[in-house]
Amino acid sequence: VWSVQGISSTDITEGLNRITLSLTARPGVRQEVQGLLKSLKIPLEAVVIKVGCSDVGLPYQPVSHPVDPILRSLKVWLEAPSEVGLGEPVIFTLKVQNPTEHVVNIEVFEPPAPDFVVTSADGAKVWSPYCEMGAQLLIGRTVTLEPGAEVKFEAGWMQWDGQGGPISPGEYTVYGVLDTHPRLPAEPVTLRIVP
């Protein structure tokens, strides 16, 4: 199965007597793995296939602003188009600026430094970059912001949900959170996807 693009981990679930395959989200990946398993004559009942994020469809709890005065002094905002056509790639940009007169060092975790979360109109999680990453080791690095300095982080969304399925036209909310400790959110923006 390692020939399938996006296998992030394998495990044996002894209690269920099953093999567990975890895959990063992309369209058709579940069907690709199922076809491979059938060609190898492995019963589908013997394998648990997990694609993307397990919390897709669950209510998303936005991140609150930190009490840390240094992080609160930073200006953080999210840029995203207000409207795109169905199926068009979408670029999200999270910008962080130091408006103070002091140097500020922040520790960010990569990949990705920002977490972008797309939710449906009812607040259910649809997608985040973590859904496409799978299991990865997060590396911390220090970003130094001189007075007035600005940094930006970007991520692209191909308009599929966090399990590799298609999304529908409609109104979505996009959240941008800098992955520091504690996490630093921007104000959410609305994105309309039109047919």
# chains A, B, ... in the order shown; residues from 1 in each chain; ligands from 1
>>> select_by_dssp(residues="range 23-138 of chain A", states="helix (DSSP H, G or I)", output="PDB file with N, CA, C and O atoms, in the first residue's frame")
ATOM      1  N   VAL A  29      -8.763   9.092  -3.002  1.00  0.00           N
ATOM      2  CA  VAL A  29      -7.736   8.293  -2.334  1.00  0.00           C
ATOM      3  C   VAL A  29      -8.335   7.046  -1.679  1.00  0.00           C
ATOM      4  O   VAL A  29      -7.737   5.974  -1.718  1.00  0.00           O
ATOM      5  N   ARG A  30      -9.529   7.138  -1.101  1.00  0.00           N
ATOM      6  CA  ARG A  30     -10.158   5.968  -0.480  1.00  0.00           C
ATOM      7  C   ARG A  30     -10.415   4.884  -1.529  1.00  0.00           C
ATOM      8  O   ARG A  30     -10.105   3.709  -1.329  1.00  0.00           O
ATOM      9  N   GLN A  31     -10.958   5.290  -2.675  1.00  0.00           N
ATOM     10  CA  GLN A  31     -11.257   4.333  -3.737  1.00  0.00           C
ATOM     11  C   GLN A  31      -9.975   3.704  -4.291  1.00  0.00           C
ATOM     12  O   GLN A  31      -9.949   2.520  -4.629  1.00  0.00           O
ATOM     13  N   GLU A  32      -8.911   4.499  -4.374  1.00  0.00           N
ATOM     14  CA  GLU A  32      -7.623   3.988  -4.854  1.00  0.00           C
ATOM     15  C   GLU A  32      -7.104   2.881  -3.935  1.00  0.00           C
ATOM     16  O   GLU A  32      -6.663   1.824  -4.397  1.00  0.00           O
ATOM     17  N   VAL A  33      -7.171   3.127  -2.622  1.00  0.00           N
ATOM     18  CA  VAL A  33      -6.704   2.127  -1.665  1.00  0.00           C
ATOM     19  C   VAL A  33      -7.595   0.894  -1.693  1.00  0.00           C
ATOM     20  O   VAL A  33      -7.110  -0.240  -1.676  1.00  0.00           O
ATOM     21  N   GLN A  34      -8.895   1.090  -1.768  1.00  0.00           N
ATOM     22  CA  GLN A  34      -9.808  -0.052  -1.823  1.00  0.00           C
ATOM     23  C   GLN A  34      -9.548  -0.912  -3.067  1.00  0.00           C
ATOM     24  O   GLN A  34      -9.550  -2.136  -2.990  1.00  0.00           O
ATOM     25  N   GLY A  35      -9.286  -0.260  -4.206  1.00  0.00           N
ATOM     26  CA  GLY A  35      -8.966  -1.001  -5.426  1.00  0.00           C
ATOM     27  C   GLY A  35      -7.679  -1.794  -5.288  1.00  0.00           C
ATOM     28  O   GLY A  35      -7.593  -2.948  -5.729  1.00  0.00           O
ATOM     29  N   LEU A  36      -6.667  -1.197  -4.660  1.00  0.00           N
ATOM     30  CA  LEU A  36      -5.405  -1.883  -4.439  1.00  0.00           C
ATOM     31  C   LEU A  36      -5.605  -3.086  -3.520  1.00  0.00           C
ATOM     32  O   LEU A  36      -5.085  -4.175  -3.788  1.00  0.00           O
ATOM     33  N   LEU A  37      -6.359  -2.900  -2.445  1.00  0.00           N
ATOM     34  CA  LEU A  37      -6.607  -4.002  -1.514  1.00  0.00           C
ATOM     35  C   LEU A  37      -7.344  -5.155  -2.204  1.00  0.00           C
ATOM     36  O   LEU A  37      -7.001  -6.328  -2.012  1.00  0.00           O
ATOM     37  N   LYS A  38      -8.322  -4.821  -3.031  1.00  0.00           N
ATOM     38  CA  LYS A  38      -9.054  -5.864  -3.775  1.00  0.00           C
ATOM     39  C   LYS A  38      -8.123  -6.612  -4.719  1.00  0.00           C
ATOM     40  O   LYS A  38      -8.185  -7.830  -4.828  1.00  0.00           O
ATOM     41  N   SER A  39      -7.221  -5.870  -5.393  1.00  0.00           N
ATOM     42  CA  SER A  39      -6.288  -6.527  -6.325  1.00  0.00           C
ATOM     43  C   SER A  39      -5.323  -7.458  -5.592  1.00  0.00           C
ATOM     44  O   SER A  39      -4.827  -8.417  -6.170  1.00  0.00           O
ATOM     45  N   LEU A  44     -11.795  -6.038   2.399  1.00  0.00           N
ATOM     46  CA  LEU A  44     -11.938  -4.663   2.880  1.00  0.00           C
ATOM     47  C   LEU A  44     -12.327  -4.625   4.354  1.00  0.00           C
ATOM     48  O   LEU A  44     -12.012  -3.670   5.065  1.00  0.00           O
ATOM     49  N   GLU A  45     -12.988  -5.682   4.830  1.00  0.00           N
ATOM     50  CA  GLU A  45     -13.397  -5.744   6.235  1.00  0.00           C
ATOM     51  C   GLU A  45     -12.185  -5.874   7.166  1.00  0.00           C
ATOM     52  O   GLU A  45     -12.296  -5.645   8.372  1.00  0.00           O
ATOM     53  N   ALA A  46     -11.029  -6.248   6.635  1.00  0.00           N
ATOM     54  CA  ALA A  46      -9.828  -6.432   7.459  1.00  0.00           C
ATOM     55  C   ALA A  46      -9.036  -5.138   7.628  1.00  0.00           C
ATOM     56  O   ALA A  46      -8.040  -5.110   8.329  1.00  0.00           O
ATOM     57  N   PRO A  69       0.487  39.555  26.921  1.00  0.00           N
ATOM     58  CA  PRO A  69       0.513  40.929  26.400  1.00  0.00           C
ATOM     59  C   PRO A  69       1.390  41.100  25.163  1.00  0.00           C
ATOM     60  O   PRO A  69       1.111  41.942  24.314  1.00  0.00           O
ATOM     61  N   ILE A  70       2.454  40.322  25.044  1.00  0.00           N
ATOM     62  CA  ILE A  70       3.316  40.444  23.865  1.00  0.00           C
ATOM     63  C   ILE A  70       2.575  39.964  22.621  1.00  0.00           C
ATOM     64  O   ILE A  70       2.557  40.638  21.586  1.00  0.00           O
ATOM     65  N   LEU A  71       1.924  38.792  22.706  1.00  0.00           N
ATOM     66  CA  LEU A  71       1.169  38.301  21.552  1.00  0.00           C
ATOM     67  C   LEU A  71      -0.020  39.210  21.237  1.00  0.00           C
ATOM     68  O   LEU A  71      -0.333  39.446  20.075  1.00  0.00           O
ATOM     69  N   ARG A  72      -0.661  39.734  22.263  1.00  0.00           N
ATOM     70  CA  ARG A  72      -1.805  40.627  22.037  1.00  0.00           C
ATOM     71  C   ARG A  72      -1.379  41.936  21.370  1.00  0.00           C
ATOM     72  O   ARG A  72      -2.184  42.601  20.724  1.00  0.00           O
ATOM     73  N   PRO A 129      -5.474  22.786   6.514  1.00  0.00           N
ATOM     74  CA  PRO A 129      -4.289  22.180   5.903  1.00  0.00           C
ATOM     75  C   PRO A 129      -3.843  20.908   6.612  1.00  0.00           C
ATOM     76  O   PRO A 129      -3.252  20.030   6.007  1.00  0.00           O
ATOM     77  N   TYR A 130      -4.132  20.804   7.916  1.00  0.00           N
ATOM     78  CA  TYR A 130      -3.736  19.610   8.661  1.00  0.00           C
ATOM     79  C   TYR A 130      -4.409  18.358   8.094  1.00  0.00           C
ATOM     80  O   TYR A 130      -3.861  17.272   8.203  1.00  0.00           O
ATOM     81  N   CYS A 131      -5.589  18.503   7.488  1.00  0.00           N
ATOM     82  CA  CYS A 131      -6.284  17.352   6.892  1.00  0.00           C
ATOM     83  C   CYS A 131      -5.478  16.757   5.740  1.00  0.00           C
ATOM     84  O   CYS A 131      -5.573  15.572   5.461  1.00  0.00           O
ATOM     85  N   GLU A 132      -4.715  17.590   5.051  1.00  0.00           N
ATOM     86  CA  GLU A 132      -3.944  17.135   3.906  1.00  0.00           C
ATOM     87  C   GLU A 132      -2.521  16.736   4.270  1.00  0.00           C
ATOM     88  O   GLU A 132      -1.808  16.174   3.454  1.00  0.00           O
ATOM     89  N   MET A 133      -2.111  17.020   5.494  1.00  0.00           N
ATOM     90  CA  MET A 133      -0.730  16.753   5.886  1.00  0.00           C
ATOM     91  C   MET A 133      -0.519  15.338   6.397  1.00  0.00           C
ATOM     92  O   MET A 133       0.535  14.765   6.215  1.00  0.00           O
TER      93      MET A 133
END
>>> closest_atom_pairs(of="range 28-134 of chain A", to="range 151-166 of chain A", cutoff="7 Å", atoms="only C-alpha atoms", output="tab-separated table")
residue	atom	partner	partner_atom	distance
A:Gly28	CA	A:Gly164	CA	7.0
A:Val51	CA	A:Gln163	CA	5.3
A:Gly52	CA	A:Gln163	CA	4.6
A:Cys53	CA	A:Gly162	CA	5.5
A:Val56	CA	A:Gly162	CA	6.1
A:Gly87	CA	A:Gln159	CA	5.9
A:Glu88	CA	A:Met158	CA	6.8
A:Pro89	CA	A:Met158	CA	4.7
A:Val90	CA	A:Trp157	CA	5.1
A:Ile91	CA	A:Gly156	CA	4.5
A:Phe92	CA	A:Ala155	CA	5.4
A:Thr93	CA	A:Glu154	CA	4.5
A:Leu94	CA	A:Phe153	CA	5.2
A:Lys95	CA	A:Lys152	CA	4.3
A:Val96	CA	A:Val151	CA	5.4
A:Gln97	CA	A:Val151	CA	6.5
A:Pro114	CA	A:Phe153	CA	6.6
A:Val126	CA	A:Asp161	CA	5.2
A:Trp127	CA	A:Gly162	CA	4.4
A:Ser128	CA	A:Gly162	CA	6.6
A:Cys131	CA	A:Gly162	CA	5.1
>>> residues_around(residues="range 123-125 of chain A", least_positions_apart="6", cutoff="10 Å", atoms="only C-alpha atoms", output="list in words")
Cys53, Asp55, Val56, Gly57, Leu58, Pro59, Tyr60, Gln61, Pro62, Val117, Asp161, Gly162, Tyr172, Thr173 and Val174 of chain A
>>> write_last_selection(atoms="all heavy atoms", output="mmCIF file, in the first residue's frame")
data_model
loop_
_atom_site.group_PDB
_atom_site.id
_atom_site.type_symbol
_atom_site.label_atom_id
_atom_site.label_comp_id
_atom_site.auth_asym_id
_atom_site.auth_seq_id
_atom_site.Cartn_x
_atom_site.Cartn_y
_atom_site.Cartn_z
ATOM 1 N N CYS A 53 -9.090 14.463 8.099
ATOM 2 C CA CYS A 53 -9.434 14.868 9.463
ATOM 3 C C CYS A 53 -10.668 14.131 9.964
ATOM 4 O O CYS A 53 -11.685 14.082 9.277
ATOM 5 C CB CYS A 53 -9.715 16.363 9.508
ATOM 6 S SG CYS A 53 -8.273 17.375 9.193
ATOM 7 N N ASP A 55 -12.420 15.185 12.401
ATOM 8 C CA ASP A 55 -13.384 16.139 12.949
ATOM 9 C C ASP A 55 -14.153 16.920 11.879
ATOM 10 O O ASP A 55 -14.874 17.869 12.188
ATOM 11 C CB ASP A 55 -12.699 17.104 13.914
ATOM 12 C CG ASP A 55 -11.572 17.907 13.273
ATOM 13 O OD1 ASP A 55 -11.187 17.613 12.126
ATOM 14 O OD2 ASP A 55 -11.067 18.825 13.942
ATOM 15 N N VAL A 56 -14.041 16.500 10.599
ATOM 16 C CA VAL A 56 -14.829 17.135 9.542
ATOM 17 C C VAL A 56 -16.310 16.889 9.830
ATOM 18 O O VAL A 56 -16.710 15.784 10.161
ATOM 19 C CB VAL A 56 -14.437 16.582 8.153
ATOM 20 C CG1 VAL A 56 -15.450 16.971 7.100
ATOM 21 C CG2 VAL A 56 -13.063 17.087 7.764
ATOM 22 N N GLY A 57 -17.092 17.955 9.744
ATOM 23 C CA GLY A 57 -18.521 17.864 10.015
ATOM 24 C C GLY A 57 -18.889 18.181 11.455
ATOM 25 O O GLY A 57 -20.066 18.379 11.768
ATOM 26 N N LEU A 58 -17.898 18.233 12.336
ATOM 27 C CA LEU A 58 -18.155 18.570 13.740
ATOM 28 C C LEU A 58 -18.068 20.083 13.932
ATOM 29 O O LEU A 58 -17.385 20.774 13.175
ATOM 30 C CB LEU A 58 -17.153 17.875 14.652
ATOM 31 C CG LEU A 58 -17.163 16.342 14.618
ATOM 32 C CD1 LEU A 58 -16.070 15.784 15.518
ATOM 33 C CD2 LEU A 58 -18.529 15.803 15.032
ATOM 34 N N PRO A 59 -18.725 20.626 14.950
ATOM 35 C CA PRO A 59 -18.647 22.072 15.185
ATOM 36 C C PRO A 59 -17.199 22.511 15.459
ATOM 37 O O PRO A 59 -16.484 21.842 16.203
ATOM 38 C CB PRO A 59 -19.516 22.288 16.434
ATOM 39 C CG PRO A 59 -20.401 21.094 16.505
ATOM 40 C CD PRO A 59 -19.628 19.955 15.885
ATOM 41 N N TYR A 60 -16.811 23.624 14.852
ATOM 42 C CA TYR A 60 -15.482 24.183 15.062
ATOM 43 C C TYR A 60 -15.553 25.211 16.179
ATOM 44 O O TYR A 60 -16.421 26.088 16.177
ATOM 45 C CB TYR A 60 -14.947 24.833 13.786
ATOM 46 C CG TYR A 60 -13.645 25.555 13.977
ATOM 47 C CD1 TYR A 60 -12.475 24.860 14.257
ATOM 48 C CD2 TYR A 60 -13.578 26.943 13.922
ATOM 49 C CE1 TYR A 60 -11.271 25.517 14.453
ATOM 50 C CE2 TYR A 60 -12.376 27.616 14.110
ATOM 51 C CZ TYR A 60 -11.230 26.892 14.381
ATOM 52 O OH TYR A 60 -10.035 27.552 14.580
ATOM 53 N N GLN A 61 -14.647 25.112 17.128
ATOM 54 C CA GLN A 61 -14.565 26.071 18.230
ATOM 55 C C GLN A 61 -13.451 27.063 17.927
ATOM 56 O O GLN A 61 -12.272 26.694 17.980
ATOM 57 C CB GLN A 61 -14.291 25.339 19.545
ATOM 58 C CG GLN A 61 -14.240 26.254 20.749
ATOM 59 C CD GLN A 61 -15.566 26.937 21.017
ATOM 60 O OE1 GLN A 61 -16.619 26.329 20.940
ATOM 61 N NE2 GLN A 61 -15.524 28.227 21.293
ATOM 62 N N PRO A 62 -13.796 28.313 17.574
ATOM 63 C CA PRO A 62 -12.746 29.291 17.258
ATOM 64 C C PRO A 62 -11.792 29.497 18.427
ATOM 65 O O PRO A 62 -12.162 29.370 19.591
ATOM 66 C CB PRO A 62 -13.533 30.570 16.962
ATOM 67 C CG PRO A 62 -14.899 30.103 16.591
ATOM 68 C CD PRO A 62 -15.136 28.861 17.414
ATOM 69 N N VAL A 117 -8.832 27.320 8.863
ATOM 70 C CA VAL A 117 -9.958 26.407 9.012
ATOM 71 C C VAL A 117 -11.133 26.985 8.246
ATOM 72 O O VAL A 117 -11.495 28.149 8.433
ATOM 73 C CB VAL A 117 -10.336 26.203 10.496
ATOM 74 C CG1 VAL A 117 -11.571 25.324 10.626
ATOM 75 C CG2 VAL A 117 -9.166 25.605 11.269
ATOM 76 N N ASP A 161 -13.244 18.771 0.780
ATOM 77 C CA ASP A 161 -13.345 18.778 2.238
ATOM 78 C C ASP A 161 -12.165 18.036 2.848
ATOM 79 O O ASP A 161 -11.321 17.498 2.138
ATOM 80 C CB ASP A 161 -14.700 18.241 2.708
ATOM 81 C CG ASP A 161 -14.884 16.743 2.489
ATOM 82 O OD1 ASP A 161 -13.892 16.002 2.306
ATOM 83 O OD2 ASP A 161 -16.042 16.294 2.520
ATOM 84 N N GLY A 162 -12.108 18.008 4.154
ATOM 85 C CA GLY A 162 -10.988 17.429 4.873
ATOM 86 C C GLY A 162 -10.892 15.927 4.781
ATOM 87 O O GLY A 162 -10.005 15.321 5.371
ATOM 88 N N TYR A 172 -19.094 30.194 3.243
ATOM 89 C CA TYR A 172 -18.204 29.550 4.198
ATOM 90 C C TYR A 172 -17.517 30.620 5.033
ATOM 91 O O TYR A 172 -17.371 31.763 4.597
ATOM 92 C CB TYR A 172 -17.149 28.706 3.467
ATOM 93 C CG TYR A 172 -17.746 27.532 2.722
ATOM 94 C CD1 TYR A 172 -18.268 27.690 1.435
ATOM 95 C CD2 TYR A 172 -17.802 26.278 3.305
ATOM 96 C CE1 TYR A 172 -18.829 26.619 0.757
ATOM 97 C CE2 TYR A 172 -18.365 25.199 2.631
ATOM 98 C CZ TYR A 172 -18.870 25.374 1.360
ATOM 99 O OH TYR A 172 -19.439 24.315 0.702
ATOM 100 N N THR A 173 -17.078 30.236 6.224
ATOM 101 C CA THR A 173 -16.290 31.124 7.078
ATOM 102 C C THR A 173 -14.874 30.576 7.131
ATOM 103 O O THR A 173 -14.678 29.371 7.282
ATOM 104 C CB THR A 173 -16.885 31.206 8.494
ATOM 105 O OG1 THR A 173 -18.234 31.669 8.403
ATOM 106 C CG2 THR A 173 -16.081 32.162 9.369
ATOM 107 N N VAL A 174 -13.902 31.473 6.991
ATOM 108 C CA VAL A 174 -12.486 31.084 7.024
ATOM 109 C C VAL A 174 -11.856 31.691 8.269
ATOM 110 O O VAL A 174 -11.986 32.898 8.519
ATOM 111 C CB VAL A 174 -11.741 31.561 5.765
ATOM 112 C CG1 VAL A 174 -10.286 31.104 5.800
ATOM 113 C CG2 VAL A 174 -12.435 31.080 4.503
#
>>> atom_distance(atom1="CA of Glu107 in chain A", atom2="CA of Asp68 in chain A")
13.3 Å
>>> atom_distance(atom1="CA of Thr180 in chain A", atom2="CA of Thr142 in chain A")
9.8 Å
>>> atom_distance(atom1="CA of Val63 in chain A", atom2="CA of Phe116 in chain A")
11.4 Å
>>> residues_around(residues="range 10-18 of chain A", least_positions_apart="5", cutoff="12 Å", atoms="only C-alpha atoms", output="NGL selection string")
:A and (1-2 or 23 or 42-50 or 134-135)
>>> select_by_dssp(residues="range 4-157 of chain A", states="strand (DSSP E)", output="ChimeraX atom specification")
/A:7-13,18-23,47-51,75-79,83-85,90-97,104-110,114-119,125-127,139-145,150-157
>>> residues_around(residues="Pro81 in chain A", least_positions_apart="2", cutoff="9 Å", atoms="only C-alpha atoms", output="ChimeraX atom specification")
/A:79,83-84,90-92,189-192
